[in-house]
file run-v1.cif (mmCIF, C-alpha atoms)
data_upload
loop_
_atom_site.group_PDB
_atom_site.id
_atom_site.type_symbol
_atom_site.label_atom_id
_atom_site.label_comp_id
_atom_site.auth_asym_id
_atom_site.auth_seq_id
_atom_site.Cartn_x
_atom_site.Cartn_y
_atom_site.Cartn_z
ATOM 1 C CA MET P 41 127.251 108.125 115.369
ATOM 2 C CA ILE P 42 127.823 106.030 118.459
ATOM 3 C CA THR P 43 131.053 107.104 120.124
ATOM 4 C CA ASN P 44 130.826 104.898 123.200
ATOM 5 C CA PRO P 45 129.201 101.523 122.420
ATOM 6 C CA LYS P 46 129.885 100.208 125.911
ATOM 7 C CA LYS P 47 127.895 103.045 127.479
ATOM 8 C CA LEU P 48 125.064 102.543 124.977
ATOM 9 C CA ARG P 49 124.938 98.811 125.698
ATOM 10 C CA LYS P 50 124.790 99.501 129.433
ATOM 11 C CA PHE P 51 121.999 102.054 128.901
ATOM 12 C CA GLU P 52 119.976 99.595 126.783
ATOM 13 C CA GLN P 53 120.368 96.802 129.347
ATOM 14 C CA ASN P 54 119.281 99.137 132.149
ATOM 15 C CA LEU P 55 116.311 100.323 130.093
ATOM 16 C CA LEU P 56 115.173 96.749 129.472
ATOM 17 C CA LYS P 57 115.460 95.914 133.176
ATOM 18 C CA THR P 58 113.509 98.954 134.356
ATOM 19 C CA ASP P 59 110.822 99.129 131.643
ATOM 20 C CA THR P 60 107.411 98.589 133.222
ATOM 21 C CA THR P 61 105.334 99.317 130.118
ATOM 22 C CA SER P 62 102.937 96.485 129.312
ATOM 23 C CA ILE P 63 102.703 95.011 125.841
ATOM 24 C CA ASP P 64 99.153 96.374 125.615
ATOM 25 C CA GLN P 65 100.403 99.922 126.315
ATOM 26 C CA LYS P 66 103.134 99.518 123.692
ATOM 27 C CA PHE P 67 100.614 98.420 121.062
ATOM 28 C CA ARG P 68 98.300 101.332 121.927
ATOM 29 C CA LEU P 69 101.230 103.731 121.535
ATOM 30 C CA LEU P 70 102.148 102.200 118.179
ATOM 31 C CA ASP P 71 98.525 102.465 117.024
ATOM 32 C CA ALA P 72 98.359 106.122 118.106
ATOM 33 C CA MET P 73 101.597 106.925 116.229
ATOM 34 C CA PHE P 74 100.235 105.207 113.117
ATOM 35 C CA LYS P 75 97.007 107.228 113.298
ATOM 36 C CA GLU P 76 99.015 110.438 113.791
ATOM 37 C CA ALA P 77 101.164 109.672 110.737
ATOM 38 C CA ARG P 78 98.054 109.070 108.644
ATOM 39 C CA ALA P 79 96.454 112.291 109.929
ATOM 40 C CA LEU P 80 99.598 114.203 108.936
ATOM 41 C CA ARG P 81 99.475 112.471 105.538
ATOM 42 C CA VAL P 82 103.013 111.151 105.791
ATOM 43 C CA PHE P 83 101.847 107.568 105.753
ATOM 44 C CA PRO P 84 101.352 105.742 103.464
ATOM 45 C CA LEU P 85 104.206 107.212 101.489
ATOM 46 C CA LYS P 86 103.344 108.688 98.106
ATOM 47 C CA ASP P 87 106.551 107.294 96.638
ATOM 48 C CA PRO P 88 108.066 104.566 98.832
ATOM 49 C CA LEU P 89 111.272 104.547 96.786
ATOM 50 C CA GLU P 90 111.918 108.272 97.223
ATOM 51 C CA GLY P 91 115.353 108.806 98.745
ATOM 52 C CA LEU P 92 116.408 105.204 98.197
ATOM 53 C CA GLU P 93 119.474 106.240 96.192
ATOM 54 C CA THR P 94 120.691 108.383 99.084
ATOM 55 C CA ASP P 95 120.144 105.544 101.561
ATOM 56 C CA ILE P 96 122.138 103.182 99.347
ATOM 57 C CA LYS P 97 125.018 105.652 99.066
ATOM 58 C CA VAL P 98 125.116 106.170 102.835
ATOM 59 C CA ALA P 99 125.006 102.405 103.428
ATOM 60 C CA LYS P 100 127.913 101.852 101.024
ATOM 61 C CA VAL P 101 130.019 104.476 102.802
ATOM 62 C CA VAL P 102 129.204 103.130 106.259
ATOM 63 C CA ASN P 103 129.853 99.536 105.236
ATOM 64 C CA SER P 104 133.146 100.405 103.566
ATOM 65 C CA VAL P 105 134.688 101.621 106.825
ATOM 66 C CA ARG P 106 137.095 99.060 108.200
ATOM 67 C CA LYS P 107 135.702 97.545 111.341
ATOM 68 C CA LEU P 108 138.058 97.352 114.283
ATOM 69 C CA PRO P 109 137.485 94.705 116.936
ATOM 70 C CA LEU P 110 136.210 95.970 120.274
ATOM 71 C CA LYS P 111 138.642 95.665 123.139
ATOM 72 C CA ARG P 112 137.013 93.577 125.811
ATOM 73 C CA LYS P 113 138.160 93.033 129.348
ATOM 74 C CA ILE P 114 138.202 89.402 130.393
#
call {"tool": "encode", "arguments": {"input": "run-v1.cif", "output": "structure tokens"}}
result
Amino acid sequence: MITNPKKLRKFEQNLLKTDTTSIDQKFRLLDAMFKEARALRVFPLKDPLEGLETDIKVAKVVNSVRKLPLKRKI
């Protein structure tokens, strides 16, 4: 759970500014992760719907929490 969204936003912005990884390197990394998942036999999933009920329950609980507006300094 994110306890400090402001800090996370700042981290993400800094990460985007300082990332020097090329798109080609990112695609090679993605391809390597895909091959690793296939080698470990976790992809493709045997039953893609497995655990869906749990995901739906968690989503309902998370979405039922009243959202408070963020206080922003102007």
call {"tool": "closest_residue", "arguments": {"input": "run-v1.cif", "among": "P:Ile63, P:Ala72, P:Val102, P:Leu56", "to": "Met41 in chain P", "atoms": "all atoms listed in the file"}}
result
P:Val102
call {"tool": "atom_distance", "arguments": {"input": "run-v1.cif", "atom1": "CA of Thr43 in chain P", "atom2": "CA of Arg106 in chain P"}}
result
15.6 Å
call {"tool": "axis_aligned_box", "arguments": {"input": "run-v1.cif", "around": "range 56-65 of chain P", "padding_each_side": "3 Å", "output": "lines of an AutoDock Vina configuration file"}}
result
center_x = 107.3
center_y = 97.5
center_z = 130.0
size_x = 22.3
size_y = 10.9
size_z = 14.7
call {"tool": "atom_distance", "arguments": {"input": "run-v1.cif", "atom1": "CA of Ser62 in chain P", "atom2": "CA of Lys75 in chain P"}}
result
20.2 Å
call {"tool": "atom_distance", "arguments": {"input": "run-v1.cif", "atom1": "CA of Thr94 in chain P", "atom2": "CA of Val82 in chain P"}}
result
19.1 Å
